[in-house]
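J.: Next up, start26.cif (mmCIF, C-alpha atoms).
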data_data
loop_
_atom_site.label_atom_id
_atom_site.label_comp_id
_atom_site.auth_asym_id
_atom_site.auth_seq_id
_atom_site.Cartn_x
_atom_site.Cartn_y
_atom_site.Cartn_z
CA MET A 115 -87.37 -75.19 -23.60
CA ALA A 116 -90.43 -74.11 -21.61
CA THR A 117 -90.24 -74.35 -17.83
CA VAL A 118 -92.73 -76.48 -15.89
CA GLY A 119 -94.59 -73.44 -14.55
CA GLU A 120 -95.29 -72.28 -18.10
CA ILE A 121 -96.96 -75.48 -19.32
CA ALA A 122 -98.42 -77.13 -16.20
CA LEU A 123 -100.09 -75.93 -13.02
CA THR A 124 -97.85 -75.82 -9.93
CA LEU A 125 -98.40 -75.68 -6.17
CA ASN A 126 -97.88 -71.93 -6.39
CA ASP A 127 -100.70 -71.71 -8.96
CA TYR A 128 -102.92 -73.73 -6.62
CA ARG A 129 -102.20 -71.43 -3.66
CA LYS A 130 -103.01 -68.37 -5.77
CA ARG A 131 -106.45 -69.81 -6.54
CA GLN A 132 -107.47 -70.55 -2.95
CA GLY A 133 -109.94 -68.34 -1.15
CA VAL A 134 -109.86 -67.58 2.57
CA ASP A 135 -111.96 -70.70 3.22
CA GLY A 136 -109.48 -72.95 1.45
CA LYS A 137 -111.79 -73.51 -1.53
CA ILE A 138 -111.06 -72.49 -5.10
CA ASP A 139 -111.91 -68.81 -5.25
CA GLU A 140 -113.85 -67.14 -8.05
CA ILE A 141 -111.32 -65.86 -10.56
CA ILE A 142 -111.91 -62.42 -12.05
CA GLU A 143 -110.86 -62.61 -15.68
CA VAL A 144 -109.05 -59.26 -15.95
CA LEU A 145 -107.49 -60.44 -19.22
CA ALA A 146 -110.87 -61.24 -20.76
CA ALA A 147 -111.45 -59.34 -23.97
CA SER A 148 -114.67 -57.89 -25.33
CA ASN A 149 -115.19 -59.89 -28.50
CA PRO A 150 -118.95 -59.83 -29.20
CA ILE A 151 -118.25 -60.58 -32.86
CA LEU A 152 -118.34 -64.25 -31.82
CA ASP A 153 -121.92 -63.76 -30.62
CA ASP A 154 -122.94 -62.23 -33.96
CA MET A 155 -121.23 -64.68 -36.30
CA THR A 156 -123.27 -67.29 -38.11
CA TRP A 157 -121.71 -70.72 -38.69
CA MET A 158 -121.91 -73.06 -41.63
CA GLU A 159 -120.45 -76.47 -42.40
CA GLY A 160 -118.03 -76.16 -45.29
CA ASN A 161 -118.22 -78.36 -48.38
CA LEU A 162 -114.50 -79.19 -48.20
CA THR A 163 -112.52 -81.03 -45.55
CA THR A 164 -110.23 -77.97 -45.50
CA GLY A 165 -112.86 -75.23 -45.65
CA ASN A 166 -115.45 -74.15 -48.19
CA LYS A 167 -115.69 -73.51 -51.94
CA THR A 168 -118.14 -70.85 -53.11
CA THR A 169 -119.26 -70.49 -56.72
CA LEU A 170 -119.96 -66.90 -57.75
CA ARG A 171 -121.63 -65.68 -60.92
CA ASN A 172 -119.39 -62.99 -62.39
CA SER A 173 -121.31 -62.20 -65.58
CA ILE A 174 -124.89 -62.49 -66.77
CA PRO A 175 -126.15 -62.76 -70.36
CA LYS A 176 -127.79 -59.76 -71.95
CA PRO A 177 -130.74 -60.25 -74.26
CA GLY A 178 -130.77 -58.84 -77.78
CA ILE A 179 -133.59 -57.42 -79.84
CA ARG A 180 -135.25 -60.01 -82.08
CA TYR A 181 -135.87 -58.33 -85.42
CA ILE A 182 -138.12 -59.85 -88.05
CA ASN A 183 -136.25 -62.29 -90.31
CA LYS A 184 -133.17 -61.96 -88.13
CA GLY A 185 -131.95 -64.09 -85.22
CA VAL A 186 -130.05 -63.28 -82.03
CA GLU A 187 -126.69 -64.47 -80.74
CA TYR A 188 -126.38 -67.26 -78.22
CA THR A 189 -125.33 -66.02 -74.79
CA LYS A 190 -124.32 -67.54 -71.48
CA SER A 191 -123.35 -66.57 -67.98
CA SER A 192 -119.96 -67.23 -66.39
CA THR A 193 -118.92 -68.15 -62.87
CA ASP A 194 -115.85 -68.10 -60.68
CA GLN A 195 -114.94 -70.03 -57.55
CA ILE A 196 -113.41 -68.91 -54.27
CA VAL A 197 -111.90 -71.29 -51.73
CA ASP A 198 -111.90 -70.19 -48.08
CA THR A 199 -109.67 -72.20 -45.77
CA SER A 200 -110.13 -73.19 -42.16
CA CYS A 201 -107.60 -74.06 -39.51
CA ILE A 202 -107.34 -76.19 -36.38
CA LEU A 203 -106.77 -74.40 -33.08
CA GLN A 204 -105.83 -76.64 -30.20
CA ALA A 205 -104.63 -76.38 -26.62
CA ARG A 206 -103.85 -78.93 -23.91
CA SER A 207 -104.03 -78.67 -20.16
CA LYS A 208 -102.55 -81.03 -17.54
CA VAL A 209 -102.86 -81.06 -13.77
CA ASP A 210 -100.73 -83.36 -11.60
CA VAL A 211 -103.00 -85.87 -9.82
CA GLU A 212 -101.16 -85.17 -6.53
CA LEU A 213 -101.87 -81.46 -6.89
CA LEU A 214 -105.49 -82.18 -7.73
CA ALA A 215 -105.79 -84.35 -4.61
CA LEU A 216 -105.12 -81.28 -2.46
CA ALA A 217 -108.19 -79.44 -3.77
CA PRO A 218 -111.42 -79.80 -1.73
CA ASP A 219 -113.40 -79.32 -4.95
CA LYS A 220 -111.42 -80.96 -7.73
CA GLU A 221 -113.91 -80.04 -10.45
CA ALA A 222 -113.86 -76.36 -9.44
CA PHE A 223 -110.05 -76.36 -9.59
CA ARG A 224 -109.99 -77.85 -13.09
CA ARG A 225 -112.86 -75.65 -14.21
CA SER A 226 -110.92 -72.55 -13.16
CA GLU A 227 -108.27 -73.48 -15.71
CA ASP A 228 -110.79 -74.51 -18.39
CA ILE A 229 -112.41 -71.05 -18.31
CA ALA A 230 -109.04 -69.45 -19.04
CA HIS A 231 -108.51 -71.73 -22.04
CA ILE A 232 -111.97 -70.93 -23.40
CA GLU A 233 -111.29 -67.18 -23.13
CA GLY A 234 -107.96 -67.70 -24.91
CA PHE A 235 -109.71 -69.42 -27.81
CA GLY A 236 -112.25 -66.61 -28.05
CA GLN A 237 -109.54 -63.98 -28.25
CA ALA A 238 -107.57 -65.98 -30.82
CA VAL A 239 -110.57 -66.51 -33.13
CA ALA A 240 -111.68 -62.87 -32.90
CA ASP A 241 -108.15 -61.73 -33.75
CA MET A 242 -107.99 -64.10 -36.74
CA VAL A 243 -111.39 -62.96 -38.04
CA ILE A 244 -109.90 -59.46 -38.25
CA TYR A 245 -106.18 -59.96 -38.89
CA GLY A 246 -105.70 -63.57 -39.99
CA SER A 247 -103.43 -63.91 -43.04
CA THR A 248 -102.41 -66.98 -45.02
CA ASP A 249 -99.40 -65.00 -46.26
CA VAL A 250 -98.12 -64.86 -42.69
CA ASP A 251 -99.19 -68.42 -41.81
CA PRO A 252 -100.47 -70.68 -44.63
CA ASP A 253 -102.29 -72.88 -42.11
CA THR A 254 -104.62 -70.13 -40.89
CA PHE A 255 -107.34 -68.22 -42.80
CA ASN A 256 -107.70 -64.71 -44.19
CA GLY A 257 -109.50 -62.18 -42.01
CA LEU A 258 -111.27 -58.97 -42.92
CA ASP A 259 -108.09 -56.88 -42.84
CA VAL A 260 -106.43 -58.87 -45.63
CA ARG A 261 -109.61 -59.02 -47.69
CA HIS A 262 -109.99 -55.22 -47.70
CA ARG A 263 -106.64 -53.88 -48.85
CA ILE A 264 -107.61 -52.78 -52.35
CA LEU A 265 -108.12 -49.01 -52.28
CA THR A 266 -109.25 -48.21 -55.80
CA ASN A 267 -112.10 -45.87 -54.76
CA THR A 268 -113.98 -47.36 -57.68
CA SER A 269 -117.67 -46.60 -58.11
CA ASP A 270 -118.14 -49.76 -60.17
CA PRO A 271 -119.78 -52.45 -57.98
CA THR A 272 -118.27 -55.21 -60.13
CA LYS A 273 -114.70 -54.12 -59.40
CA PRO A 274 -112.48 -55.18 -56.46
CA GLY A 275 -112.34 -52.57 -53.74
CA TYR A 276 -115.87 -51.29 -54.27
CA THR A 277 -116.76 -51.76 -50.57
CA THR A 278 -113.35 -50.65 -49.24
CA LEU A 279 -112.90 -46.92 -48.68
CA ASP A 280 -109.89 -44.85 -47.68
CA ALA A 281 -110.39 -42.37 -44.81
CA GLY A 282 -107.09 -40.71 -45.75
CA GLY A 283 -105.12 -41.12 -42.52
CA THR A 284 -101.34 -41.49 -42.77
CA GLY A 285 -100.14 -41.21 -39.15
CA GLY A 286 -99.41 -43.80 -36.48
CA SER A 287 -102.86 -43.81 -34.85
CA LEU A 288 -104.78 -45.55 -37.60
CA THR A 289 -107.70 -47.91 -37.21
CA SER A 290 -110.47 -49.37 -39.35
CA ALA A 291 -114.23 -49.86 -39.21
CA TYR A 292 -115.52 -53.18 -40.56
CA LEU A 293 -119.13 -53.49 -41.75
CA VAL A 294 -120.50 -57.04 -41.89
CA GLU A 295 -123.79 -58.65 -42.84
CA TRP A 296 -123.70 -62.11 -41.29
CA GLY A 297 -125.48 -65.00 -43.00
CA SER A 298 -124.92 -68.33 -44.73
CA ARG A 299 -125.04 -66.65 -48.18
CA THR A 300 -123.13 -63.50 -47.24
CA CYS A 301 -120.33 -63.67 -44.65
CA THR A 302 -120.11 -66.53 -42.20
CA GLY A 303 -117.87 -68.54 -39.94
CA ILE A 304 -117.16 -72.00 -41.33
CA TYR A 305 -115.96 -75.35 -40.08
CA PRO A 306 -114.68 -78.23 -42.25
CA ARG A 307 -117.00 -80.80 -43.76
CA GLY A 308 -117.74 -83.54 -41.22
CA ALA A 309 -116.51 -81.50 -38.27
CA SER A 310 -118.60 -79.81 -35.58
CA ALA A 311 -119.13 -76.12 -34.90
CA GLY A 312 -117.61 -74.36 -31.93
CA LEU A 313 -115.07 -75.25 -29.28
CA ASP A 314 -114.76 -78.95 -28.44
CA HIS A 315 -113.50 -79.93 -24.97
CA LYS A 316 -112.43 -83.47 -24.19
CA ASP A 317 -111.52 -84.68 -20.71
CA LEU A 318 -108.93 -87.38 -21.36
CA GLY A 319 -108.83 -88.38 -17.70
CA VAL A 320 -105.65 -89.58 -16.02
CA GLN A 321 -102.76 -89.87 -18.45
CA THR A 322 -99.10 -90.67 -18.01
CA VAL A 323 -97.21 -87.54 -19.08
CA GLN A 324 -93.60 -86.44 -18.98
CA ASP A 325 -91.84 -83.61 -17.22
CA ARG A 326 -89.16 -81.51 -18.94
CA ASP A 327 -86.54 -84.14 -18.08
CA GLY A 328 -88.51 -86.94 -19.71
CA ASN A 329 -89.65 -88.55 -16.44
CA ASP A 330 -93.17 -89.94 -16.22
CA TYR A 331 -95.94 -88.87 -13.84
CA GLU A 332 -99.74 -89.01 -13.84
CA ALA A 333 -101.90 -86.02 -14.59
CA GLU A 334 -105.49 -85.19 -15.49
CA VAL A 335 -105.39 -84.07 -19.13
CA SER A 336 -107.82 -81.95 -21.14
CA VAL A 337 -107.66 -81.09 -24.81
CA PHE A 338 -109.48 -78.19 -26.46
CA THR A 339 -110.03 -78.04 -30.25
CA TRP A 340 -111.73 -75.50 -32.51
CA LYS A 341 -111.82 -76.00 -36.28
CA VAL A 342 -112.63 -72.58 -37.65
CA GLY A 343 -112.51 -70.44 -40.76
CA LEU A 344 -114.19 -67.45 -42.41
CA ALA A 345 -116.00 -67.34 -45.75
CA VAL A 346 -117.04 -64.15 -47.54
CA ARG A 347 -119.48 -65.58 -50.05
CA ASP A 348 -120.80 -62.22 -51.27
CA TYR A 349 -118.19 -59.46 -51.29
CA ARG A 350 -120.92 -56.82 -51.14
CA SER A 351 -121.96 -58.14 -47.72
CA VAL A 352 -118.75 -56.80 -46.13
CA GLY A 353 -117.25 -53.32 -46.22
CA ALA A 354 -114.36 -51.53 -44.57
CA VAL A 355 -113.22 -47.98 -44.00
CA ARG A 356 -109.43 -48.02 -43.74
CA ASN A 357 -106.87 -45.49 -42.49
CA ILE A 358 -109.11 -43.77 -39.95
CA ASP A 359 -106.82 -41.39 -38.03
CA MET A 360 -107.84 -41.31 -34.36
CA THR A 361 -106.02 -38.00 -33.82
CA THR A 362 -108.56 -36.42 -36.16
CA PHE A 363 -111.31 -37.16 -33.66
CA ALA A 364 -109.22 -35.80 -30.81
CA SER A 365 -108.04 -32.53 -32.35
CA GLY A 366 -109.07 -32.46 -36.00
CA THR A 367 -111.25 -29.87 -37.66
CA ALA A 368 -114.99 -30.30 -37.96
CA SER A 369 -114.68 -30.78 -41.72
CA ALA A 370 -112.05 -33.50 -41.28
CA LYS A 371 -114.28 -35.39 -38.84
CA GLN A 372 -117.24 -34.97 -41.15
CA ALA A 373 -115.24 -36.39 -44.06
CA ILE A 374 -114.61 -39.59 -42.07
CA MET A 375 -118.29 -39.84 -41.17
CA ASN A 376 -119.27 -39.35 -44.79
CA GLY A 377 -116.87 -42.10 -45.81
CA ILE A 378 -118.48 -44.57 -43.41
CA VAL A 379 -121.94 -43.73 -44.76
CA LYS A 380 -120.64 -44.25 -48.30
CA ALA A 381 -119.24 -47.67 -47.37
CA GLN A 382 -122.50 -48.59 -45.69
CA GLU A 383 -124.55 -47.69 -48.75
CA ARG A 384 -122.33 -49.82 -50.99
CA LEU A 385 -123.36 -52.96 -49.13
CA ARG A 386 -126.06 -55.06 -50.70
CA HIS A 387 -128.26 -54.83 -47.59
CA PRO A 388 -127.00 -51.84 -45.56
CA ASP A 389 -129.82 -52.16 -43.04
CA ARG A 390 -128.61 -55.62 -41.98
CA ALA A 391 -124.96 -54.75 -41.36
CA VAL A 392 -123.14 -54.44 -38.04
CA MET A 393 -120.12 -52.13 -37.70
CA TYR A 394 -117.13 -53.32 -35.64
CA VAL A 395 -114.70 -50.70 -34.33
CA SER A 396 -111.88 -50.34 -31.84
CA ASN A 397 -112.45 -49.18 -28.27
CA ASP A 398 -111.08 -45.72 -29.10
CA LEU A 399 -113.26 -45.27 -32.17
CA TYR A 400 -116.32 -46.41 -30.21
CA THR A 401 -115.54 -43.81 -27.55
CA ALA A 402 -115.04 -41.20 -30.28
CA PHE A 403 -118.51 -41.94 -31.63
CA LYS A 404 -119.99 -41.43 -28.17
CA LEU A 405 -118.17 -38.12 -27.78
CA TYR A 406 -119.37 -37.10 -31.23
CA LEU A 407 -122.92 -37.19 -29.89
CA MET A 408 -122.18 -33.80 -28.30
CA ASP A 409 -120.85 -32.31 -31.54
CA LYS A 410 -123.21 -29.79 -33.08
CA ASN A 411 -122.39 -31.17 -36.54
CA ASN A 412 -123.47 -34.69 -35.59
CA SER A 413 -126.17 -36.11 -37.82
CA TYR A 414 -125.13 -39.77 -37.93
CA VAL A 415 -124.50 -41.09 -34.41
CA GLN A 416 -127.44 -42.08 -32.24
CA THR A 417 -127.94 -44.08 -29.04
CA GLU A 418 -130.68 -46.35 -27.82
CA ARG A 419 -131.39 -47.94 -24.44
CA LEU A 420 -131.74 -51.71 -24.62
CA GLU A 421 -134.04 -53.79 -22.43
CA ASN A 422 -131.18 -54.60 -20.05
CA GLY A 423 -130.46 -50.90 -19.55
CA ILE A 424 -127.29 -50.84 -21.65
CA ILE A 425 -126.84 -47.82 -23.90
CA ALA A 426 -126.14 -48.99 -27.46
CA VAL A 427 -124.57 -46.85 -30.18
CA ARG A 428 -125.87 -46.71 -33.74
CA PHE A 429 -124.36 -45.04 -36.76
CA ASN A 430 -126.85 -44.02 -39.43
CA GLY A 431 -129.13 -46.74 -38.02
CA MET A 432 -126.36 -49.39 -38.05
CA ARG A 433 -125.44 -51.11 -34.78
CA VAL A 434 -121.91 -50.23 -33.63
CA VAL A 435 -119.96 -52.82 -31.65
CA LYS A 436 -116.59 -52.27 -30.00
CA LEU A 437 -114.11 -55.06 -30.52
CA ASP A 438 -110.93 -55.42 -28.49
CA ALA A 439 -109.30 -57.29 -31.37
CA ILE A 440 -109.29 -54.19 -33.62
CA LYS A 441 -106.10 -52.17 -33.22
CA ASN A 442 -105.58 -48.41 -33.01
CA ASN A 443 -102.07 -48.62 -34.50
CA GLU A 444 -102.69 -50.32 -37.82
CA ALA A 445 -100.18 -49.78 -40.61
CA GLN A 446 -101.41 -47.50 -43.37
CA VAL A 447 -103.14 -49.35 -46.20
CA VAL A 448 -101.81 -47.91 -49.44
#
Let me see the structure of the file written as structure tokens.
T.:
Amino acid sequence: MATVGEIALTLNDYRKRQGVDGKIDEIIEVLAASNPILDDMTWMEGNLTTGNKTTLRNSIPKPGIRYINKGVEYTKSSTDQIVDTSCILQARSKVDVELLALAPDKEAFRRSEDIAHIEGFGQAVADMVIYGSTDVDPDTFNGLDVRHRILTNTSDPTKPGYTTLDAGGTGGSLTSAYLVEWGSRTCTGIYPRGASAGLDHKDLGVQTVQDRDGNDYEAEVSVFTWKVGLAVRDYRSVGAVRNIDMTTFASGTASAKQAIMNGIVKAQERLRHPDRAVMYVSNDLYTAFKLYLMDKNNSYVQTERLENGIIAVRFNGMRVVKLDAIKNNEAQVV
């Protein structure tokens, strides 16, 4: 059973949030993750109460030659359907009314806790977009990792695995690069039919709650809810380069590094609209790209200075974004 300090704010928590003037101090979110994928994602209302169903055309009719005094065969196209699920993420927060009465600025005290919950949701959704798996938890949704585990190295764009390439790594320092074209007809975040997009926060006011012994007391209660899923409506809008060995960038040969770079270019060119894609990588791979700028063999990595002064990295013209959710110790995809 969880202890009180794990599920509800205590006097000790309150003291740790006070500044020298007795007011609630500004909290520096050292645990905050860099998950800009949430800024890039488009959102679409699903056509199901549990997610979204997409109808894909998987064959098109071919015309025949009409010879004189001879007819042609009847033809038709065929379609297939994919169902993408969504899930409900929820968290609750409670603050004892007597503890809240001690705070000079009650709203600031509650807001300090709300910000932490919002950051927690952001990290959870970003992690699920990459590593979510209905095999692990049927009530979640499949992320990009699960959707790009077919390594056929096929050159046939109609076959599974066409946009998933193998960088050849086998060691324990493996990561992946995910290439995504966001859009309502390509790859998009979804929410169930009739629901609303984004994180919903409800202040339930003063509620009678129970402590761990079942005794009642009054607390200010908040509930946070996010109904979220991911739909890949066009498989050629998303690509992945799997089994990238980070040790290769640290001590590998020039040819080995070049092979990885070539593989990323190949994955990019297999997308339907390569110029619209964004590449998401781990912190270490992002740093490796920056270091590769100084390599004499570099012909792919560029930088540009944005209006706010930030130096952005591009790979073969494609924007590169570092994502804390992407691991550097992925298991080998075989």
J.: Report as a JSON list (two decimals) with C-alpha atoms, keeping the file's coordinate frame the full result of the PyMOL selection byres ((chain A and resi 237) around 9) when it is applied to this structure.
T.:
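What ended up in selection01.json:
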[["chain", "number", "residue", "atom", "x", "y", "z"],
["A", 146, "ALA", "CA", -110.87, -61.24, -20.76],
["A", 147, "ALA", "CA", -111.45, -59.34, -23.97],
["A", 148, "SER", "CA", -114.67, -57.89, -25.33],
["A", 149, "ASN", "CA", -115.19, -59.89, -28.50],
["A", 232, "ILE", "CA", -111.97, -70.93, -23.40],
["A", 233, "GLU", "CA", -111.29, -67.18, -23.13],
["A", 234, "GLY", "CA", -107.96, -67.70, -24.91],
["A", 235, "PHE", "CA", -109.71, -69.42, -27.81],
["A", 236, "GLY", "CA", -112.25, -66.61, -28.05],
["A", 238, "ALA", "CA", -107.57, -65.98, -30.82],
["A", 239, "VAL", "CA", -110.57, -66.51, -33.13],
["A", 240, "ALA", "CA", -111.68, -62.87, -32.90],
["A", 241, "ASP", "CA", -108.15, -61.73, -33.75],
["A", 242, "MET", "CA", -107.99, -64.10, -36.74],
["A", 438, "ASP", "CA", -110.93, -55.42, -28.49],
["A", 439, "ALA", "CA", -109.30, -57.29, -31.37]]
J.: Excluding region 266-271 of chain A and residues on its chain fewer than 6 positions from it, collect all residues at most 10 Å away from it, counting only C-alpha atoms, and give them as a list in words.
T.: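 The filter keeps Thr277, Thr278, Leu279, Asp280, Tyr349, Arg350, Arg384, Leu385, Arg386 and Val448 of chain A.
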J.: Emit the selected residues as a PDB file, in the frame of the given file, including C-alpha atoms.
T.:
ATOM      1  CA  THR A 277    -116.760 -51.760 -50.570  1.00  0.00           C
ATOM      2  CA  THR A 278    -113.350 -50.650 -49.240  1.00  0.00           C
ATOM      3  CA  LEU A 279    -112.900 -46.920 -48.680  1.00  0.00           C
ATOM      4  CA  ASP A 280    -109.890 -44.850 -47.680  1.00  0.00           C
ATOM      5  CA  TYR A 349    -118.190 -59.460 -51.290  1.00  0.00           C
ATOM      6  CA  ARG A 350    -120.920 -56.820 -51.140  1.00  0.00           C
ATOM      7  CA  ARG A 384    -122.330 -49.820 -50.990  1.00  0.00           C
ATOM      8  CA  LEU A 385    -123.360 -52.960 -49.130  1.00  0.00           C
ATOM      9  CA  ARG A 386    -126.060 -55.060 -50.700  1.00  0.00           C
ATOM     10  CA  VAL A 448    -101.810 -47.910 -49.440  1.00  0.00           C
TER      11      VAL A 448
END
J.: Which residues, written as number ranges by chain, have at least one atom at most 7 Å from region 244-259 of chain A, with all atoms listed in the file counted and residues fewer than 3 positions away on the same chain left out?
T.: A: 199-201, 240-241, 262-263, 343-344
J.: If we count all atoms listed in the file and set the cut-off at 12 Å, which residues sit around region 190-192 of chain A, ignoring sequence neighbours fewer than 3 positions away in its own chain? Please answer as a list of chain:residue names.
T.: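 Counting only the stated atoms, we get A:Thr169, A:Leu170, A:Arg171, A:Asn172, A:Ser173, A:Ile174, A:Pro175, A:Lys176, A:Pro177, A:Glu187, A:Gln195.
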J.: Could you please determine the separation between CA of Gly297 (chain A) and CA of Leu152 (chain A) in Å, to one decimal place?
T.: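 Computing the Euclidean distance for CA of Gly297 (chain A) and CA of Leu152 (chain A) yields 13.3 Å.
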J.: So how many Å separate CA of Glu421 (chain A) and CA of Lys436 (chain A), to one decimal?
T.: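 The value is 19.1 Å.
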